[in-house]
Amino acid sequence: MIRMLRRAKPRAVSFLYLLPSLAGVLTFFIVPFAQIIRYSLVDNPISNTYVGFDNFKRLFANAAFQRAASNTIRFSAIAMPLAVVLSLLLAMVLEAKIPGKSKFRTMFLSPMMVPVASIVLIWQVLFDYNGVLNNVFARFGVLPIDWFKSDYSHLIVVALFLWKNLGYNMILFMAALGNIPKALVEAASVDGASSFRRFWQIKFRFLSPTFLFVTILSLINSFKVFREVYLLTGDYPYEDLYLLQHFMNNTFKSLDYQKLSAAALIMAVVMALIIGILFIVDGRLGKDVES
Amino acid sequence: MRNIRFGGRWLKIALATLWCGVFAVVFLLPTVLTFANSFMTETEITANYGAVFQKNETGGKQFISEQVNLKLIPDKVTFSQYATTLLKSPDYLLKFWNSAILVLPIVLFQVAIAAFAAYSFMRTRGKLKEILLFVFIFVMLMPYQVTLVPNYLVADSLNILGTRWSIILPGIFAPFSVFILTKAMRRIPKSLIEAAKLDGAGEWRVFTQVCLPMCKGALFSVAILVFIDYWNMVEQVLIMMPEPDLQPLSVFLSQINTGEIGLAFAVATIYMVPAILLFLYGEEYLVEGITYSGGLKG
Amino acid sequence: MAGITLKDVSKIYPGSTGEKAVDGFCLDIKDKEFVVIVGPSGCGKSSTMRMIAGLEEVSEGEIHIGDVLVNDVQPKDRNIAMVFQSYALYPHMSVYKNMAFALKIRHLNKAEIDRRVRETAEMLGITRLLARKPRALSGGESQRVALGRAMVRNPAVFLLDEPLSNLDAKLRADMRAEIIRLHKRLETTFIYVTHDQTEAMTMGDRIVIMDRGLILQNDSPKDIYDYPANIFVAGFIGSPRMNFVEAEVAREGGIVVAKFGVTALSLEKTNVNKDVLASLVGKKVTIGIRPEHISVADSVAVGEGLLGASADIVEVLGAETIIHTDMPGDLRIVVREFNDVPVKRGQKLNLAVQLEKIHIFDIETEDSITVRPGGTPKSARSKIAKPEPDSGGEPDASDNGGGES
């Protein structure tokens, strides 16, 4: 008995270290999530009648939700691949032994440090109806438009998103590129592999875990672009820019817990699915090179 | 043949550098412009950007200047905007204080609690631990749209909605730091911990005198990353704390009054300063932290 | 200060399929003894050492340090110091602080800590490094600091886990000598784990050879070399490796010979019981001959057997020449020749074998059939391998070989 206790002790101590964090995560994230699942299945928190998937049906039928979801999906679908590919390109260019590499790295990384709130003034100056962009275009005879209220609005937001996020992704890729065993790439050159082949058959294999991570990260960050949109256009933006977070905010205001819970649950499931799929793809691609 | 190849390589590097240069200008310009504009007089700002900002007041177009004039160098360098911000508009200072009082405890306690958790995840790696770590990572990967709902429900039942606690507490327990610090701690060679055990150190001493000092870089870089994220917070504030009194600058800046655009540039710059200083001082740590965050496994 | 006893110690790693990384390990280590545990990687030697240190749980059996059963004693309370293969120096502490760390934990006063750190540093010649951080040290310097960190504590037992394997060859030879000197000076029990048979042979009072979790032999270096208990030990110790040939035992003209290829070597001179030898006739055995017991010769002297072979690869090392030869019957024999004989590739050679040095092994069990003079055969592949009272220390019991240098 004493022997068993002695053996269990280090484990118990180590668990003690985990306790504050675990308690917090359980309290603020996991346990209330169970509550959310319950809310999403009842008619209201007071009468508590089970209504099956009615809340979800109501949610999917909601025009605001439809618009928010489709806008968000569209935005992520454009922004995510661009954020991955462009940052990989930047990383590869920087890896090509150009002069002033670390200076460039600093400059590319700097936007991530700038609070969105500090920079929205400049975005307004650039993209306003009377703004700089229209001024420039006017010289080429293009009629001015209010960019944030146009069909291009989401593209502008994509640009702002890329401005802020490319640096972070680039650092991740630079680290991954630096970790590719040089000897392997050299061996491939000696074997006569073209640079195209070297990239796809060697470098990309080693990059694939990072590729996966940057993809997930870009997806998550693409949801954060609400910040830019909100600070630029407020609670009720042009309909192309009405994002899920706008929808959530407005639902919070109406205190419709059922709708809120259903929406959160749907998003959690979708995120889990996407991340799960990416993991499976990564497992296929990267299993040979993992150390 | 050789020479041509050499020339080709040179050209390639020149093109790459040029490409980077263009990108660098695009990346830097907005920040630099904000900074430069904060030293302009209100008159100059109005003259330059009136066309953009004045219209909001009336809803119509009230042209003060025909053209927007994006300028890098002020006609006259002045600190008057800063003087106004610091001396005559306590509102902005208050909001800055609001930001600080929200963000600093989050950074401090999130990193501290995470350091303990990371140590635990490093010391024993049973099945339960791996499952828990997976749950942590999963929570970390969820966007605000998902996590704010549970946060809100808890805040509601704890009766802290509308107070700073409703933002600080979920912030403290967000698992991002746990994830990165666990990766950092798991890189500590096992033999070092064993050596410390043989030297007579208990868990507490191993944690504080071996592991924490060895993770100094990672701790600092996590702190920077958490700081930036929360210095920039918007979503939580809108939902948890709608009263403007307590709101941080990150939300309040966008509600700035017309006619105070010059002031807004100064406040925006002041708001950037802590983040930029951290960046300039800790860029290597930041890069290290980002590198640690890469990859979800081990 | 303390001897160590391991009784039937086994290690089964959780999550493994139940196989034993260490299987019924029995060993008595006397106080102040220098024991080397040697074996290929994965043989269980490190697990054994880590169980002694308390870094791994003992799955079965008992470990005693001194008179105390230590199975459930925390590493820090075992009064043991360990030198790690990676040195495991705390990177954020200076050399001085690295060495003082354990003493500080034990609440020694500052003056005493300082005295002990400086004294140890002096002994190891690292005084000038005390202010440096580990990353500013060379491999050899780190090695010394790691030793110093272990020494300041005056532990009852020193555990050294492949401490030299990260050093280059020259430094390794120097440090080998230094560790032997330290052992003499500190008069403490040393347990040294290595995969390098040279280190094992040169450093240990006693060598324990392990493979797949089992002790295969436990003996003085000299006895291990002269009387390997089985094919594994015979092949593991000695470089170049012992030659093994499958042979048939036959009686020819009244003497028992081993026949292989087109040749036959007399087994009459070997240290095998006559009755046993007679019983082998008609059976297959594996015979082993060390390369240094074969030489290139024009004629055969008394007590030597003759082999015909042709030289294949010749490695001239200066003091000696290693000749890889081909023999009829697709056999390969390696010869270690100490005389300066010019040999060319393809040249036909007469090889003289010292018949008394031939080892005979059972072809099934791989155990040695050779008997050591005045002793019983050492237990092989058995779980009990205690040192005999008289053969723990000096290897002078059987100095009748003379063939090796």
# chains A, B, ... in the order shown; residues from 1 in each chain; ligands from 1
>>> interface_residues(of="chain B", to="chain A", cutoff="7 Å", atoms="only C-alpha atoms", output="ChimeraX atom specification")
/B:13,16-17,20,24,27-28,30-31,34,49,51-52,68,113-114,116-117,120,123-124,141-143,145-147,149-151,153-154,170,173-174,228,231-232,234,239,250-251,253-254,268-269,271-272,275-276,279,287,290-291,294-296
>>> interface_residues(of="chain C", to="chain A", cutoff="9 Å", atoms="only C-alpha atoms", output="MDAnalysis selection string")
chainID C and resid 57 72:73
>>> interface_residues(of="chain C", to="chain B", cutoff="8 Å", atoms="only C-alpha atoms", output="PyMOL selection string")
chain C and resi 53+55+75-77+80-82+84+86+88-92+101-102+105-106
>>> write_last_selection(atoms="C-alpha atoms", output="PDB file, in the first residue's frame")
ATOM      1  CA  ALA C  53      19.833   5.375 -10.059  1.00  0.00           C
ATOM      2  CA  LEU C  55      15.210   6.917 -12.653  1.00  0.00           C
ATOM      3  CA  PRO C  75      16.803   9.085  -6.632  1.00  0.00           C
ATOM      4  CA  LYS C  76      17.810  12.044  -4.508  1.00  0.00           C
ATOM      5  CA  ASP C  77      17.889   9.898  -1.382  1.00  0.00           C
ATOM      6  CA  ILE C  80      24.203   8.295  -6.045  1.00  0.00           C
ATOM      7  CA  ALA C  81      25.751  10.512  -8.678  1.00  0.00           C
ATOM      8  CA  MET C  82      25.455   9.968 -12.376  1.00  0.00           C
ATOM      9  CA  PHE C  84      25.188  11.309 -18.422  1.00  0.00           C
ATOM     10  CA  SER C  86      24.920  14.056 -22.960  1.00  0.00           C
ATOM     11  CA  ALA C  88      23.254  17.077 -18.863  1.00  0.00           C
ATOM     12  CA  LEU C  89      24.818  20.306 -17.671  1.00  0.00           C
ATOM     13  CA  TYR C  90      22.301  23.019 -16.821  1.00  0.00           C
ATOM     14  CA  PRO C  91      22.751  25.419 -19.727  1.00  0.00           C
ATOM     15  CA  HIS C  92      21.623  28.487 -17.810  1.00  0.00           C
ATOM     16  CA  PHE C 101      23.615  22.976  -7.370  1.00  0.00           C
ATOM     17  CA  ALA C 102      23.389  19.672  -5.529  1.00  0.00           C
ATOM     18  CA  ILE C 105      19.946  21.793  -2.291  1.00  0.00           C
ATOM     19  CA  ARG C 106      21.519  19.969   0.626  1.00  0.00           C
TER      20      ARG C 106
END
>>> select_by_dssp(residues="region 56-298 of chain C", states="strand (DSSP E or B)", output="VMD selection string")
chain C and resid 60 to 65 68 to 69 80 to 83 157 to 161 189 to 194 206 to 211 214 to 219 230 243 to 252 255 to 260 263 to 266 284 to 289 294 to 296
>>> residues_around(residues="Val229 (chain A)", least_positions_apart="5", cutoff="8 Å", atoms="only C-alpha atoms", output="ChimeraX atom specification")
/A:157,234,237,241
>>> residues_around(residues="region 160-177 of chain C", least_positions_apart="3", cutoff="6 Å", atoms="only C-alpha atoms", output="MDAnalysis selection string")
chainID C and resid 82:85 180 192:194
>>> closest_residue(among="B:Leu94, B:Ile172, B:Ile167, B:Ala36", to="Pro244 (chain B)", atoms="only C-alpha atoms")
B:Leu94
>>> atom_distance(atom1="CA of Trp19 (chain B)", atom2="CA of Leu160 (chain A)")
19.1 Å
>>> closest_residue(among="B:Phe179, B:Tyr144, B:Phe138, B:Tyr119", to="Gly276 (chain A)", atoms="only C-alpha atoms")
B:Phe138
>>> residues_around(residues="region 98-103 of chain B", least_positions_apart="3", cutoff="8 Å", atoms="only C-alpha atoms", output="ChimeraX atom specification")
/B:94-95,106-107,164,167-168,227,230-231,246-250
>>> select_by_dssp(residues="region 176-219 of chain A", states="alpha helix (DSSP H)", output="VMD selection string")
chain A and resid 176 to 179 182 to 190 195 to 198 204 to 219
>>> write_last_selection(atoms="N, CA and C atoms", output="mmCIF file, in the first residue's frame")
data_model
loop_
_atom_site.group_PDB
_atom_site.id
_atom_site.type_symbol
_atom_site.label_atom_id
_atom_site.label_comp_id
_atom_site.auth_asym_id
_atom_site.auth_seq_id
_atom_site.Cartn_x
_atom_site.Cartn_y
_atom_site.Cartn_z
ATOM 1 N N ALA A 176 10.436 26.079 -41.047
ATOM 2 C CA ALA A 176 10.308 24.739 -41.628
ATOM 3 C C ALA A 176 11.325 24.534 -42.739
ATOM 4 N N LEU A 177 11.505 25.563 -43.575
ATOM 5 C CA LEU A 177 12.490 25.447 -44.656
ATOM 6 C C LEU A 177 13.885 25.245 -44.082
ATOM 7 N N GLY A 178 14.141 25.948 -42.967
ATOM 8 C CA GLY A 178 15.452 25.810 -42.342
ATOM 9 C C GLY A 178 15.686 24.429 -41.757
ATOM 10 N N ASN A 179 14.595 23.702 -41.506
ATOM 11 C CA ASN A 179 14.735 22.388 -40.892
ATOM 12 C C ASN A 179 14.887 21.253 -41.896
ATOM 13 N N LYS A 182 19.765 19.657 -45.274
ATOM 14 C CA LYS A 182 20.447 20.155 -46.472
ATOM 15 C C LYS A 182 20.979 19.015 -47.313
ATOM 16 N N ALA A 183 21.518 18.011 -46.618
ATOM 17 C CA ALA A 183 22.160 16.907 -47.333
ATOM 18 C C ALA A 183 21.178 16.237 -48.290
ATOM 19 N N LEU A 184 19.921 16.173 -47.870
ATOM 20 C CA LEU A 184 18.909 15.506 -48.679
ATOM 21 C C LEU A 184 18.667 16.266 -49.979
ATOM 22 N N VAL A 185 18.557 17.606 -49.851
ATOM 23 C CA VAL A 185 18.341 18.427 -51.032
ATOM 24 C C VAL A 185 19.564 18.354 -51.938
ATOM 25 N N GLU A 186 20.742 18.378 -51.313
ATOM 26 C CA GLU A 186 21.967 18.294 -52.103
ATOM 27 C C GLU A 186 22.065 16.944 -52.804
ATOM 28 N N ALA A 187 21.706 15.897 -52.072
ATOM 29 C CA ALA A 187 21.737 14.564 -52.671
ATOM 30 C C ALA A 187 20.824 14.521 -53.893
ATOM 31 N N ALA A 188 19.660 15.162 -53.773
ATOM 32 C CA ALA A 188 18.720 15.174 -54.884
ATOM 33 C C ALA A 188 19.305 15.935 -56.071
ATOM 34 N N SER A 189 20.000 17.046 -55.808
ATOM 35 C CA SER A 189 20.617 17.790 -56.917
ATOM 36 C C SER A 189 21.663 16.940 -57.588
ATOM 37 N N VAL A 190 22.455 16.245 -56.751
ATOM 38 C CA VAL A 190 23.498 15.393 -57.317
ATOM 39 C C VAL A 190 22.859 14.288 -58.153
ATOM 40 N N SER A 195 14.803 21.570 -60.011
ATOM 41 C CA SER A 195 14.427 22.304 -58.802
ATOM 42 C C SER A 195 12.941 22.127 -58.528
ATOM 43 N N PHE A 196 12.165 21.946 -59.579
ATOM 44 C CA PHE A 196 10.737 21.684 -59.426
ATOM 45 C C PHE A 196 10.519 20.385 -58.652
ATOM 46 N N ARG A 197 11.232 19.357 -59.101
ATOM 47 C CA ARG A 197 11.128 18.043 -58.472
ATOM 48 C C ARG A 197 11.647 18.092 -57.035
ATOM 49 N N ARG A 198 12.760 18.835 -56.850
ATOM 50 C CA ARG A 198 13.322 18.954 -55.501
ATOM 51 C C ARG A 198 12.299 19.556 -54.555
ATOM 52 N N PHE A 204 8.654 19.798 -50.049
ATOM 53 C CA PHE A 204 7.249 19.871 -49.686
ATOM 54 C C PHE A 204 6.889 18.797 -48.668
ATOM 55 N N ARG A 205 7.542 17.638 -48.778
ATOM 56 C CA ARG A 205 7.300 16.565 -47.816
ATOM 57 C C ARG A 205 7.616 17.041 -46.397
ATOM 58 N N PHE A 206 8.726 17.742 -46.290
ATOM 59 C CA PHE A 206 9.117 18.217 -44.969
ATOM 60 C C PHE A 206 8.269 19.404 -44.524
ATOM 61 N N LEU A 207 7.754 20.133 -45.506
ATOM 62 C CA LEU A 207 6.957 21.306 -45.159
ATOM 63 C C LEU A 207 5.541 20.934 -44.766
ATOM 64 N N SER A 208 5.127 19.729 -45.090
ATOM 65 C CA SER A 208 3.696 19.454 -45.017
ATOM 66 C C SER A 208 3.106 19.630 -43.622
ATOM 67 N N PRO A 209 3.803 19.271 -42.521
ATOM 68 C CA PRO A 209 3.195 19.566 -41.210
ATOM 69 C C PRO A 209 2.988 21.066 -41.007
ATOM 70 N N THR A 210 3.977 21.859 -41.442
ATOM 71 C CA THR A 210 3.852 23.306 -41.329
ATOM 72 C C THR A 210 2.736 23.810 -42.234
ATOM 73 N N PHE A 211 2.678 23.225 -43.402
ATOM 74 C CA PHE A 211 1.643 23.590 -44.359
ATOM 75 C C PHE A 211 0.266 23.396 -43.737
ATOM 76 N N LEU A 212 0.111 22.246 -43.090
ATOM 77 C CA LEU A 212 -1.131 21.947 -42.394
ATOM 78 C C LEU A 212 -1.411 22.991 -41.324
ATOM 79 N N PHE A 213 -0.388 23.259 -40.524
ATOM 80 C CA PHE A 213 -0.595 24.174 -39.413
ATOM 81 C C PHE A 213 -0.923 25.577 -39.901
ATOM 82 N N VAL A 214 -0.183 26.035 -40.915
ATOM 83 C CA VAL A 214 -0.438 27.382 -41.430
ATOM 84 C C VAL A 214 -1.853 27.460 -42.003
ATOM 85 N N THR A 215 -2.292 26.383 -42.624
ATOM 86 C CA THR A 215 -3.646 26.361 -43.171
ATOM 87 C C THR A 215 -4.680 26.505 -42.054
ATOM 88 N N ILE A 216 -4.528 25.698 -41.001
ATOM 89 C CA ILE A 216 -5.459 25.783 -39.874
ATOM 90 C C ILE A 216 -5.419 27.180 -39.252
ATOM 91 N N LEU A 217 -4.179 27.653 -39.049
ATOM 92 C CA LEU A 217 -4.002 28.961 -38.430
ATOM 93 C C LEU A 217 -4.667 30.056 -39.265
ATOM 94 N N SER A 218 -4.488 29.979 -40.565
ATOM 95 C CA SER A 218 -5.072 30.994 -41.437
ATOM 96 C C SER A 218 -6.584 30.921 -41.392
ATOM 97 N N LEU A 219 -7.092 29.704 -41.286
ATOM 98 C CA LEU A 219 -8.538 29.543 -41.174
ATOM 99 C C LEU A 219 -9.051 30.230 -39.909
#
